[in-house]
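With compact mmCIF, C-alpha atoms inside, this is run.txt:
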# COMPACT_ATOMS: atom_id res chain seq x y z
CA MET A 1 -31.34 -37.69 54.57
CA LYS A 2 -31.43 -33.90 54.48
CA TYR A 3 -29.22 -32.98 57.44
CA PHE A 4 -27.63 -36.14 58.82
CA GLY A 5 -24.99 -37.91 56.76
CA THR A 6 -23.05 -41.09 57.39
CA ASP A 7 -21.35 -39.55 60.42
CA GLY A 8 -23.79 -37.11 61.96
CA PHE A 9 -25.02 -33.61 61.14
CA ARG A 10 -21.93 -31.82 59.79
CA GLY A 11 -21.35 -28.27 58.60
CA ARG A 12 -19.43 -25.07 58.97
CA ALA A 13 -20.18 -23.73 62.44
CA ASN A 14 -23.17 -21.35 62.44
CA GLU A 15 -23.52 -21.73 58.68
CA GLY A 16 -24.33 -25.29 57.59
CA LEU A 17 -24.84 -26.27 61.24
CA ASN A 18 -26.00 -23.58 63.64
CA VAL A 19 -27.02 -23.22 67.29
CA GLU A 20 -30.71 -23.40 66.41
CA HIS A 21 -30.14 -26.83 64.86
CA ALA A 22 -28.36 -27.93 68.04
CA TYR A 23 -31.18 -26.62 70.24
CA GLN A 24 -33.78 -28.37 68.09
CA ILE A 25 -31.89 -31.67 68.20
CA GLY A 26 -31.76 -31.39 71.99
CA ARG A 27 -35.46 -30.54 72.17
CA PHE A 28 -36.54 -33.52 70.09
CA VAL A 29 -34.17 -36.07 71.61
CA GLY A 30 -35.02 -34.98 75.15
CA TRP A 31 -38.74 -35.38 74.44
CA TYR A 32 -38.41 -38.60 72.41
CA PHE A 33 -36.57 -40.53 75.12
CA GLY A 34 -38.41 -38.87 77.99
CA ALA A 35 -41.77 -37.06 78.02
CA ARG A 36 -43.01 -38.98 74.99
CA GLN A 37 -42.83 -42.09 77.18
CA GLU A 38 -43.94 -40.25 80.35
CA ARG A 39 -40.55 -40.69 81.98
CA LYS A 40 -37.37 -38.73 82.73
CA ALA A 41 -34.66 -39.21 80.08
CA ARG A 42 -30.96 -39.35 80.99
CA ILE A 43 -28.70 -38.24 78.16
CA ILE A 44 -24.94 -37.68 78.09
CA VAL A 45 -23.17 -35.03 76.03
CA GLY A 46 -19.50 -34.95 75.06
CA LYS A 47 -17.48 -32.61 72.88
CA ASP A 48 -14.09 -32.11 71.26
CA THR A 49 -11.83 -29.07 71.68
CA ARG A 50 -12.87 -26.78 68.81
CA ARG A 51 -14.14 -23.35 69.86
CA SER A 52 -17.68 -23.84 68.57
CA SER A 53 -18.14 -27.09 70.52
CA TYR A 54 -18.82 -25.10 73.69
CA MET A 55 -21.52 -23.06 71.93
CA PHE A 56 -23.20 -26.17 70.53
CA GLU A 57 -22.95 -27.88 73.92
CA SER A 58 -24.88 -25.05 75.55
CA ALA A 59 -27.55 -25.12 72.84
CA LEU A 60 -27.98 -28.89 72.96
CA ILE A 61 -28.25 -28.94 76.74
CA SER A 62 -30.76 -26.09 76.71
CA GLY A 63 -32.90 -28.10 74.31
CA LEU A 64 -32.60 -31.28 76.35
CA VAL A 65 -33.59 -29.78 79.69
CA ALA A 66 -36.34 -27.67 78.06
CA SER A 67 -37.93 -30.95 76.93
CA GLY A 68 -37.59 -32.42 80.42
CA ALA A 69 -34.45 -34.55 80.04
CA ASP A 70 -31.53 -34.57 82.46
CA ALA A 71 -28.31 -33.71 80.61
CA TYR A 72 -25.04 -35.21 81.86
CA MET A 73 -21.99 -33.23 80.70
CA LEU A 74 -18.89 -35.30 79.95
CA HIS A 75 -17.07 -32.21 78.68
CA VAL A 76 -14.07 -32.89 76.37
CA ILE A 77 -13.87 -36.60 75.62
CA PRO A 78 -13.19 -38.82 72.57
CA THR A 79 -16.23 -39.92 70.58
CA PRO A 80 -15.73 -43.56 71.67
CA GLY A 81 -15.81 -42.34 75.26
CA VAL A 82 -19.42 -41.30 74.73
CA SER A 83 -20.19 -44.71 73.22
CA TYR A 84 -18.57 -46.43 76.19
CA GLU A 85 -20.27 -44.38 78.86
CA VAL A 86 -23.77 -44.49 77.36
CA VAL A 87 -23.61 -48.26 77.90
CA ASP A 88 -21.64 -48.26 81.16
CA GLY A 89 -23.93 -45.64 82.73
CA ALA A 90 -27.15 -47.07 81.24
CA PHE A 91 -28.10 -43.79 79.56
CA ASP A 92 -30.91 -43.45 77.04
CA CYS A 93 -28.80 -41.76 74.43
CA GLY A 94 -25.41 -40.15 73.87
CA ILE A 95 -24.55 -37.01 71.90
CA MET A 96 -21.06 -36.10 70.65
CA ILE A 97 -20.16 -32.67 69.30
CA SER A 98 -17.30 -33.03 66.84
CA ALA A 99 -16.30 -32.72 63.20
CA SER A 100 -13.65 -35.41 63.63
CA HIS A 101 -10.61 -34.68 61.42
CA ASN A 102 -12.07 -31.49 59.87
CA ALA A 103 -10.80 -27.97 60.51
CA PHE A 104 -11.92 -26.03 63.60
CA THR A 105 -14.30 -23.96 61.46
CA ASP A 106 -16.50 -27.05 61.02
CA ASN A 107 -18.45 -28.99 63.59
CA GLY A 108 -20.89 -31.84 63.84
CA ILE A 109 -23.44 -33.54 66.06
CA LYS A 110 -23.41 -37.34 66.32
CA LEU A 111 -26.06 -39.37 68.12
CA VAL A 112 -25.36 -42.69 69.81
CA ASN A 113 -28.02 -45.20 70.85
CA LYS A 114 -28.14 -47.01 74.20
CA LYS A 115 -25.97 -49.83 72.82
CA GLY A 116 -23.18 -47.38 71.99
CA HIS A 117 -23.78 -47.69 68.25
CA LYS A 118 -24.66 -44.98 65.74
CA MET A 119 -28.27 -43.88 66.05
CA GLU A 120 -30.88 -45.59 63.88
CA GLU A 121 -31.82 -43.70 60.72
CA GLU A 122 -35.53 -43.87 61.60
CA LEU A 123 -35.00 -41.55 64.56
CA LEU A 124 -32.68 -39.25 62.61
CA LEU A 125 -35.38 -38.80 59.98
CA GLN A 126 -37.86 -37.81 62.69
CA ILE A 127 -35.38 -35.24 64.01
CA GLU A 128 -35.10 -33.81 60.50
CA ASP A 129 -38.88 -33.55 60.29
CA TYR A 130 -38.89 -31.66 63.60
CA ILE A 131 -36.19 -29.27 62.37
CA ASP A 132 -38.32 -28.64 59.26
CA GLY A 133 -41.40 -27.88 61.38
CA LYS A 134 -43.33 -31.02 60.50
CA ILE A 135 -43.52 -32.23 64.12
CA GLU A 136 -44.36 -30.33 67.30
CA VAL A 137 -42.73 -31.07 70.65
CA PRO A 138 -44.07 -29.64 73.95
CA LEU A 139 -41.95 -27.69 76.40
CA ALA A 140 -41.54 -29.11 79.89
CA THR A 141 -42.89 -26.98 82.74
CA GLY A 142 -42.63 -26.87 86.50
CA GLU A 143 -40.92 -29.83 88.09
CA ALA A 144 -40.76 -31.60 84.72
CA ILE A 145 -37.98 -29.29 83.49
CA GLY A 146 -34.70 -31.20 83.31
CA CYS A 147 -31.41 -30.50 85.04
CA THR A 148 -27.74 -30.50 84.08
CA VAL A 149 -25.19 -32.71 85.79
CA ASP A 150 -21.43 -32.21 85.72
CA TYR A 151 -20.39 -35.75 84.84
CA MET A 152 -16.58 -35.77 84.86
CA GLN A 153 -16.71 -39.15 86.57
CA GLY A 154 -17.92 -40.60 83.27
CA ARG A 155 -14.69 -39.57 81.55
CA ASN A 156 -12.69 -40.96 84.44
CA ARG A 157 -14.48 -44.30 84.13
CA TYR A 158 -13.73 -44.35 80.41
CA ILE A 159 -10.02 -43.78 81.10
CA ALA A 160 -10.09 -46.54 83.71
CA SER A 161 -11.70 -48.94 81.22
CA LEU A 162 -8.91 -48.36 78.70
CA ILE A 163 -6.28 -49.10 81.34
CA ALA A 164 -8.19 -52.16 82.55
CA SER A 165 -8.26 -53.59 79.01
CA CYS A 166 -4.48 -54.15 79.22
CA ASN A 167 -2.92 -57.08 81.06
CA PHE A 168 0.63 -56.02 80.21
CA SER A 169 3.15 -53.40 81.28
CA LEU A 170 4.80 -50.82 79.03
CA GLN A 171 7.64 -50.25 81.46
CA GLY A 172 10.71 -49.13 79.53
CA VAL A 173 8.88 -48.56 76.22
CA ARG A 174 9.37 -45.11 74.67
CA VAL A 175 6.04 -44.08 73.13
CA GLY A 176 5.23 -40.96 71.13
CA LEU A 177 1.66 -39.63 71.03
CA ASP A 178 0.26 -36.94 68.70
CA CYS A 179 -3.06 -35.88 70.19
CA ALA A 180 -4.02 -33.52 67.32
CA ASN A 181 -4.83 -30.80 69.89
CA GLY A 182 -8.13 -32.65 70.15
CA ALA A 183 -10.14 -34.90 72.41
CA ALA A 184 -7.25 -37.30 73.03
CA SER A 185 -5.30 -34.51 74.77
CA SER A 186 -6.85 -35.21 78.18
CA VAL A 187 -7.03 -39.01 77.87
CA ALA A 188 -4.18 -40.67 75.94
CA LYS A 189 -1.22 -39.68 78.11
CA PRO A 190 -2.82 -40.68 81.44
CA VAL A 191 -3.57 -44.13 79.97
CA PHE A 192 -0.03 -44.74 78.76
CA ASP A 193 1.41 -43.26 81.95
CA ALA A 194 -0.64 -45.71 84.02
CA LEU A 195 0.80 -48.61 82.01
CA GLY A 196 4.34 -47.50 82.82
CA ALA A 197 5.40 -46.20 79.40
CA ASP A 198 7.97 -43.46 78.89
CA VAL A 199 5.50 -41.12 77.18
CA HIS A 200 6.43 -38.27 74.84
CA VAL A 201 3.48 -36.13 73.72
CA ILE A 202 3.06 -33.51 71.01
CA ASN A 203 0.08 -31.39 70.00
CA ASN A 204 -1.77 -31.73 73.28
CA ALA A 205 -2.36 -28.03 74.03
CA PRO A 206 -5.75 -27.25 72.44
CA ASN A 207 -6.79 -23.60 72.20
CA GLY A 208 -10.03 -23.97 70.27
CA PHE A 209 -8.48 -23.21 66.89
CA ASN A 210 -5.53 -25.61 66.51
CA ILE A 211 -7.38 -28.93 66.41
CA ASN A 212 -6.08 -30.99 63.44
CA VAL A 213 -3.89 -28.08 62.27
CA ASN A 214 -0.70 -29.63 60.86
CA CYS A 215 -0.95 -32.40 63.40
CA GLY A 216 -2.60 -35.71 64.21
CA SER A 217 -3.40 -38.57 61.87
CA THR A 218 -4.02 -36.25 58.91
CA HIS A 219 -0.51 -34.78 59.17
CA ILE A 220 1.43 -37.74 60.45
CA GLU A 221 4.73 -36.49 59.02
CA ASN A 222 5.23 -34.50 62.24
CA LEU A 223 5.05 -37.64 64.36
CA GLN A 224 7.32 -39.49 61.93
CA ASN A 225 10.03 -36.88 62.41
CA TYR A 226 9.45 -36.74 66.17
CA VAL A 227 9.80 -40.52 66.63
CA VAL A 228 13.08 -40.66 64.69
CA ARG A 229 14.52 -37.50 66.23
CA ASN A 230 13.86 -38.73 69.76
CA GLY A 231 14.72 -42.40 69.23
CA LEU A 232 11.26 -43.64 70.25
CA ASP A 233 10.09 -47.25 69.95
CA VAL A 234 6.70 -46.42 68.45
CA GLY A 235 4.33 -43.53 67.84
CA PHE A 236 0.55 -43.09 67.57
CA ALA A 237 -1.38 -40.24 65.97
CA TYR A 238 -5.08 -39.62 66.62
CA ASP A 239 -7.61 -37.43 64.84
CA GLY A 240 -9.65 -34.63 66.43
CA ASP A 241 -12.19 -36.82 68.19
CA ALA A 242 -9.76 -39.73 68.69
CA ASP A 243 -11.81 -42.44 67.00
CA ARG A 244 -8.98 -43.06 64.52
CA CYS A 245 -5.35 -43.99 65.00
CA LEU A 246 -2.36 -44.30 62.69
CA ALA A 247 0.99 -45.58 63.93
CA VAL A 248 4.64 -44.89 63.20
CA ASP A 249 7.29 -47.59 63.61
CA GLU A 250 10.70 -47.10 65.20
CA ASN A 251 12.17 -46.13 61.81
CA GLY A 252 9.60 -43.41 61.21
CA HIS A 253 7.55 -45.35 58.66
CA VAL A 254 3.76 -44.93 58.66
CA VAL A 255 1.68 -47.91 59.75
CA ASP A 256 -1.80 -47.20 58.38
CA GLY A 257 -5.11 -48.87 59.15
CA ASP A 258 -4.42 -51.74 56.75
CA LEU A 259 -1.13 -52.58 58.44
CA ILE A 260 -2.75 -52.27 61.87
CA LEU A 261 -5.41 -54.76 60.76
CA TYR A 262 -2.63 -57.11 59.66
CA VAL A 263 -0.63 -56.83 62.90
CA CYS A 264 -3.67 -57.27 65.13
CA GLY A 265 -5.36 -59.86 62.91
CA ARG A 266 -2.26 -62.02 62.78
CA TYR A 267 -1.73 -61.74 66.54
CA LEU A 268 -5.34 -62.55 67.44
CA SER A 269 -5.45 -65.45 64.97
CA LYS A 270 -2.21 -66.90 66.34
CA TYR A 271 -3.70 -67.11 69.84
CA GLY A 272 -7.17 -68.27 68.74
CA ARG A 273 -8.85 -64.97 69.51
CA LEU A 274 -9.90 -63.90 66.01
CA ALA A 275 -13.59 -64.77 65.62
CA LYS A 276 -14.12 -67.13 62.68
CA ASP A 277 -10.52 -66.34 61.71
CA THR A 278 -11.91 -63.47 59.65
CA VAL A 279 -11.07 -59.76 59.30
CA VAL A 280 -13.43 -57.13 57.84
CA PRO A 281 -11.61 -54.45 55.78
CA THR A 282 -13.29 -52.20 53.17
CA ILE A 283 -13.05 -52.38 49.40
CA MET A 284 -10.48 -49.55 49.60
CA SER A 285 -7.98 -51.59 51.59
CA ASN A 286 -4.72 -52.28 49.79
CA PHE A 287 -4.43 -55.37 47.59
CA GLY A 288 -1.19 -56.16 49.41
CA LEU A 289 -3.15 -56.62 52.65
CA PHE A 290 -5.39 -59.21 50.98
CA LYS A 291 -2.35 -61.07 49.63
CA ALA A 292 -0.76 -61.08 53.09
CA PHE A 293 -3.94 -62.48 54.68
CA ASP A 294 -4.05 -65.15 51.98
CA GLU A 295 -0.54 -66.23 52.93
CA LEU A 296 -1.57 -66.51 56.58
CA GLY A 297 -4.78 -68.37 55.77
CA ILE A 298 -6.87 -65.61 57.34
CA THR A 299 -10.23 -64.98 55.67
CA TYR A 300 -11.37 -61.44 54.88
CA VAL A 301 -14.80 -60.05 54.01
CA THR A 302 -14.81 -56.60 52.40
CA THR A 303 -17.52 -53.97 52.83
CA ASP A 304 -18.25 -50.65 51.18
CA VAL A 305 -16.36 -47.62 52.50
CA GLY A 306 -17.38 -46.38 55.95
CA ASP A 307 -16.93 -47.66 59.49
CA LYS A 308 -20.72 -47.94 59.72
CA ASN A 309 -20.66 -50.62 57.01
CA VAL A 310 -17.73 -52.41 58.63
CA HIS A 311 -19.48 -52.47 61.99
CA ALA A 312 -22.77 -53.68 60.50
CA CYS A 313 -20.98 -56.59 58.81
CA MET A 314 -19.19 -57.50 62.03
CA LEU A 315 -22.41 -57.45 64.06
CA GLU A 316 -24.38 -59.45 61.51
CA ASN A 317 -21.78 -62.18 61.13
CA GLY A 318 -20.13 -62.32 64.54
CA TYR A 319 -16.69 -61.10 63.41
CA SER A 320 -14.38 -59.49 65.96
CA LEU A 321 -11.97 -57.30 63.94
CA GLY A 322 -12.51 -54.84 61.12
CA GLY A 323 -11.59 -51.37 59.98
CA GLU A 324 -10.48 -48.87 57.40
CA GLN A 325 -7.21 -47.74 55.88
CA SER A 326 -7.78 -44.37 57.58
CA GLY A 327 -7.17 -45.95 60.98
CA HIS A 328 -10.75 -46.43 62.14
CA ILE A 329 -10.37 -49.92 63.64
CA ILE A 330 -13.08 -51.82 65.53
CA PHE A 331 -12.36 -54.58 68.06
CA GLY A 332 -15.86 -55.99 68.28
CA GLU A 333 -15.47 -58.03 71.44
CA ILE A 334 -14.35 -55.11 73.62
CA GLU A 335 -15.90 -51.94 72.13
CA ALA A 336 -19.04 -50.67 70.42
CA THR A 337 -17.26 -48.40 67.96
CA GLY A 338 -13.80 -47.52 66.67
CA ASP A 339 -11.53 -46.07 69.35
CA GLY A 340 -8.13 -44.65 68.41
CA ILE A 341 -6.66 -44.97 71.88
CA MET A 342 -7.94 -48.55 72.21
CA THR A 343 -6.38 -49.32 68.82
CA SER A 344 -2.98 -48.06 69.97
CA LEU A 345 -3.24 -50.23 73.08
CA ARG A 346 -4.06 -53.32 71.03
CA VAL A 347 -1.05 -52.68 68.80
CA MET A 348 1.11 -52.40 71.92
CA GLU A 349 -0.36 -55.68 73.19
CA ALA A 350 0.80 -57.41 70.00
CA LEU A 351 4.25 -55.83 70.23
CA ARG A 352 4.73 -56.89 73.84
CA ALA A 353 3.42 -60.42 73.32
CA GLU A 354 5.52 -61.04 70.21
CA ARG A 355 8.57 -59.22 71.62
CA GLU A 356 9.16 -57.65 68.24
CA THR A 357 9.40 -54.15 66.79
CA LEU A 358 6.53 -52.72 64.80
CA SER A 359 8.61 -52.69 61.62
CA THR A 360 9.25 -56.43 62.00
CA LEU A 361 5.57 -57.23 62.49
CA THR A 362 4.52 -55.24 59.40
CA ARG A 363 7.35 -56.47 57.14
CA PRO A 364 5.43 -59.40 55.55
CA VAL A 365 2.91 -56.98 53.99
CA LYS A 366 4.01 -55.60 50.63
CA LEU A 367 1.65 -52.71 49.99
CA TYR A 368 0.90 -52.18 46.31
CA PRO A 369 1.22 -48.77 44.64
CA GLN A 370 -2.17 -47.11 44.21
CA GLN A 371 -3.32 -44.52 41.70
CA LEU A 372 -6.68 -42.81 42.19
CA VAL A 373 -8.23 -40.64 39.47
CA ASN A 374 -11.53 -38.75 39.81
CA VAL A 375 -13.49 -38.28 36.59
CA VAL A 376 -16.29 -35.67 36.51
CA VAL A 377 -19.32 -37.03 34.64
CA ASP A 378 -22.83 -35.87 33.69
CA ASP A 379 -24.65 -38.92 35.08
CA LYS A 380 -22.92 -41.23 37.56
CA VAL A 381 -25.47 -44.02 37.23
CA ALA A 382 -25.43 -43.99 33.44
CA ALA A 383 -21.65 -43.96 33.34
CA MET A 384 -21.35 -46.90 35.72
CA GLN A 385 -23.86 -48.95 33.71
CA ALA A 386 -22.48 -48.12 30.25
CA PRO A 387 -21.36 -51.27 28.36
CA GLU A 388 -18.14 -49.64 27.18
CA VAL A 389 -17.22 -48.79 30.78
CA THR A 390 -17.91 -52.27 32.17
CA SER A 391 -15.97 -53.72 29.23
CA ALA A 392 -13.03 -51.40 29.94
CA ILE A 393 -12.99 -52.45 33.61
CA ALA A 394 -12.78 -56.09 32.56
CA GLU A 395 -9.95 -55.26 30.13
CA ALA A 396 -8.01 -53.39 32.84
CA GLU A 397 -8.40 -56.28 35.28
CA ALA A 398 -7.23 -58.73 32.60
CA LEU A 399 -4.12 -56.58 32.15
CA LEU A 400 -3.28 -57.07 35.84
CA ALA A 401 -3.90 -60.82 35.56
CA GLY A 402 -4.90 -61.34 39.19
CA ASN A 403 -1.87 -59.50 40.55
CA GLY A 404 -3.67 -56.27 41.26
CA ARG A 405 -7.12 -54.80 40.79
CA VAL A 406 -9.17 -51.94 39.39
CA LEU A 407 -11.91 -50.49 41.59
CA VAL A 408 -14.43 -48.16 39.94
CA ARG A 409 -17.11 -46.54 42.09
CA ALA A 410 -19.40 -43.51 42.00
CA SER A 411 -18.89 -40.79 44.61
CA GLY A 412 -21.68 -40.64 47.14
CA THR A 413 -21.70 -36.83 47.31
CA GLU A 414 -20.20 -35.47 44.06
CA PRO A 415 -20.71 -35.98 40.28
CA LEU A 416 -17.58 -38.12 40.12
CA ILE A 417 -16.51 -41.60 39.15
CA ARG A 418 -13.51 -42.70 41.20
CA VAL A 419 -11.08 -44.99 39.38
CA LEU A 420 -8.51 -46.74 41.60
CA ALA A 421 -5.84 -49.06 40.26
CA GLU A 422 -3.49 -51.18 42.37
CA ALA A 423 -0.59 -53.08 40.84
CA PRO A 424 3.01 -54.11 41.56
CA THR A 425 4.31 -51.00 39.73
CA GLU A 426 3.20 -47.40 39.22
CA GLU A 427 3.36 -47.91 35.45
CA LEU A 428 0.91 -50.81 35.56
CA CYS A 429 -1.43 -48.67 37.68
CA ARG A 430 -1.26 -45.92 35.09
CA GLN A 431 -1.94 -48.30 32.21
CA ALA A 432 -4.91 -49.94 33.95
CA ASN A 433 -6.45 -46.60 34.89
CA ALA A 434 -5.95 -45.22 31.37
CA ILE A 435 -8.13 -47.98 29.90
CA VAL A 436 -11.08 -47.11 32.16
CA ILE A 437 -10.62 -43.34 31.94
CA LYS A 438 -10.68 -43.52 28.14
CA ALA A 439 -14.04 -45.33 28.26
CA LEU A 440 -15.40 -42.62 30.59
CA GLU A 441 -14.50 -39.83 28.13
CA ALA A 442 -17.93 -39.94 26.51
CA HIS A 443 -19.59 -39.36 29.88
CA LYS A 444 -17.51 -36.36 30.99
CA SER A 445 -19.43 -33.21 31.80
Write-out of the structure in structure tokens:
Amino acid sequence: MKYFGTDGFRGRANEGLNVEHAYQIGRFVGWYFGARQERKARIIVGKDTRRSSYMFESALISGLVASGADAYMLHVIPTPGVSYEVVDGAFDCGIMISASHNAFTDNGIKLVNKKGHKMEEELLLQIEDYIDGKIEVPLATGEAIGCTVDYMQGRNRYIASLIASCNFSLQGVRVGLDCANGAASSVAKPVFDALGADVHVINNAPNGFNINVNCGSTHIENLQNYVVRNGLDVGFAYDGDADRCLAVDENGHVVDGDLILYVCGRYLSKYGRLAKDTVVPTIMSNFGLFKAFDELGITYVTTDVGDKNVHACMLENGYSLGGEQSGHIIFGEIEATGDGIMTSLRVMEALRAERETLSTLTRPVKLYPQQLVNVVVDDKVAAMQAPEVTSAIAEAEALLAGNGRVLVRASGTEPLIRVLAEAPTEELCRQANAIVIKALEAHKS
């Protein structure tokens, strides 16, 4: 696609993505779900805290109402809050304005279908055609012009749903939250407060420019220090739009998405709540996670990188738990998309039920050292198919003898071949990678 990638239309605000794009998206979506079908569309719009989100919100809403749709403004809310409310409120479509973990200078527009899932590519392609002037959309007139609705109650219902998903108390538990000066700032603390936790929050004072700046899941070292310094039991760090979550145990050690999958997968399996006793990680998950699942007898099915691929696999096969190392975890039986705050609550559920610390629950997983090398090549396809490269991959895997792996994949956006080795030692990683990198020499640009 020309404008929309795997996670929406992204770009530097008013450069790669500008207000005209936002207006056009609103115009087409408002018409597509409304006047095209001779009806009034109801569409919700949420945003994160970056300065440009307010500008894009105004442009989107102008486009929606100009096409005859009614636009319901959720204001600042996590991306999964839009997914929740589009289903709960029976809306035609949801729109989220966010560039997730990127700097405040960037922004993005994500579309959500009526099931709370990412919008179908067929519609996104039609929006691109409209942006490029290949499709015409009429303006609404008279009584057909849409209206805007201040829909704060939608965010309140989302908060209530998070609280209602917990049948346990956090009374006496000291919890640290890093809200990344983003969308979690107005949601996470009220949820943990309602559950009785002793809540300590950092980076929850957004000013439009400080989202993700030295904070949140991309700079978790701040939360690590905070948890240790204040003697907290556990900490959770979200990204800018709060669809991801990383944790910190009581000793200040990072608990990434792989370890969260282990803790939650083991807990759900123990109580017969893990569908088909299967977890869905990606091919980038650590080899140590796979070994730990093997020891538990839990099956795992890997997908290509991207929460979209994880979710598609879960839906197709009826699995209930999947996610990425980055902390984008999906609990399929209770949500339509990854939700960082929901993930932190599910980790707390496991801690309370098992009456253990987070460090104890993650101890069985021995994460393998990883070494990732990016090799610039002339032709990614040719390099991946070259006999000498496939032979080198087999040689590197033989070196590890089943106690590690070599993953070689082409970048989706750059002229790169990514070579990842995992092994019990850094030296073995280096040796395995060196074999493949040498074979790629002839293909370097």
Point-to-point distance from atom CA of A:Arg27 to atom CA of A:Ser100, Å rounded to tenths |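 Separation of atom CA of A:Arg27 and atom CA of A:Ser100: 23.9 Å.
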Please indicate the distance in Å from atom CA of A:Thr299 to atom CA of A:Glu250, rounded to one decimal place.
-> 29.1 Å
Skipping near chain neighbours, those fewer than 4 positions away, what residues fall within 10 Å of A:Gly146 using only C-alpha atoms, listed as JSON, numbers by chain?
-> {"A": [30, 40, 41, 42, 61, 62, 63, 64, 65, 66, 67, 68, 69, 70, 71, 140, 141, 142]}
So that I have them on file, write out the residues from the current selection with C-alpha atoms, as a PDB file, in the frame of the given file.
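Output below, filename selection10.pdb:
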ATOM      1  CA  GLY A  30     -35.020 -34.980  75.150  1.00  0.00           C
ATOM      2  CA  LYS A  40     -37.370 -38.730  82.730  1.00  0.00           C
ATOM      3  CA  ALA A  41     -34.660 -39.210  80.080  1.00  0.00           C
ATOM      4  CA  ARG A  42     -30.960 -39.350  80.990  1.00  0.00           C
ATOM      5  CA  ILE A  61     -28.250 -28.940  76.740  1.00  0.00           C
ATOM      6  CA  SER A  62     -30.760 -26.090  76.710  1.00  0.00           C
ATOM      7  CA  GLY A  63     -32.900 -28.100  74.310  1.00  0.00           C
ATOM      8  CA  LEU A  64     -32.600 -31.280  76.350  1.00  0.00           C
ATOM      9  CA  VAL A  65     -33.590 -29.780  79.690  1.00  0.00           C
ATOM     10  CA  ALA A  66     -36.340 -27.670  78.060  1.00  0.00           C
ATOM     11  CA  SER A  67     -37.930 -30.950  76.930  1.00  0.00           C
ATOM     12  CA  GLY A  68     -37.590 -32.420  80.420  1.00  0.00           C
ATOM     13  CA  ALA A  69     -34.450 -34.550  80.040  1.00  0.00           C
ATOM     14  CA  ASP A  70     -31.530 -34.570  82.460  1.00  0.00           C
ATOM     15  CA  ALA A  71     -28.310 -33.710  80.610  1.00  0.00           C
ATOM     16  CA  ALA A 140     -41.540 -29.110  79.890  1.00  0.00           C
ATOM     17  CA  THR A 141     -42.890 -26.980  82.740  1.00  0.00           C
ATOM     18  CA  GLY A 142     -42.630 -26.870  86.500  1.00  0.00           C
TER      19      GLY A 142
END
Nearest candidate to A:Asp339 (options A:Asn107, A:Ser320, A:Ser83, A:Ser186; using only C-alpha atoms) =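 Checking each candidate against A:Asp339, we get A:Ser83 as the closest.
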Can you write out as CSV which residues of stretch 60-147 of chain A fall within 10 Å of stretch 230-243 of chain A, alongside each residue's closest atom pair and its distance in Å to one decimal, counting all atoms listed in the file and ordering rows by chain and ascending residue number?
residue,atom,partner,partner_atom,distance
A:Val76,CA,A:Asp241,CA,9.3
A:Ile77,CA,A:Asp241,CA,7.6
A:Pro78,CA,A:Asp241,CA,4.9
A:Thr79,CA,A:Asp241,CA,5.6
A:Pro80,CA,A:Asp243,CA,6.2
A:Gly81,CA,A:Asp243,CA,9.2
A:Met96,CA,A:Asp241,CA,9.2
A:Ile97,CA,A:Asp241,CA,9.1
A:Ser98,CA,A:Asp241,CA,6.5
A:Ala99,CA,A:Gly240,CA,7.6
A:Ser100,CA,A:Gly240,CA,4.9
A:His101,CA,A:Gly240,CA,5.1
A:Asn102,CA,A:Gly240,CA,7.7
A:Ala103,CA,A:Gly240,CA,9.0
A:Phe104,CA,A:Gly240,CA,9.3
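For the pair atom CA of A:Ile109 and atom CA of A:Ile334, the interatomic distance is 24.6 Å.
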A:Arg418, A:Arg363, A:His328, A:Arg405 ranked by distance to A:His253, top pick (using only C-alpha atoms) |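 Once distances to A:His253 are computed over only C-alpha atoms, the minimum belongs to A:Arg363.
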Minimum-distance residue to A:Leu74, chosen among A:Gln385, A:Ser411, A:Gln153, A:Gln325 (using all atoms listed in the file) | A:Gln153
Which neighbours of A:Leu268 fall inside 12 Å, counting only C-alpha atoms, when residues of the same chain fewer than 3 positions from it are skipped, and could you give them as number ranges by chain?
-> A: 260-265, 271-279, 298, 320-321, 331, 333, 346-347, 349-350, 353-354
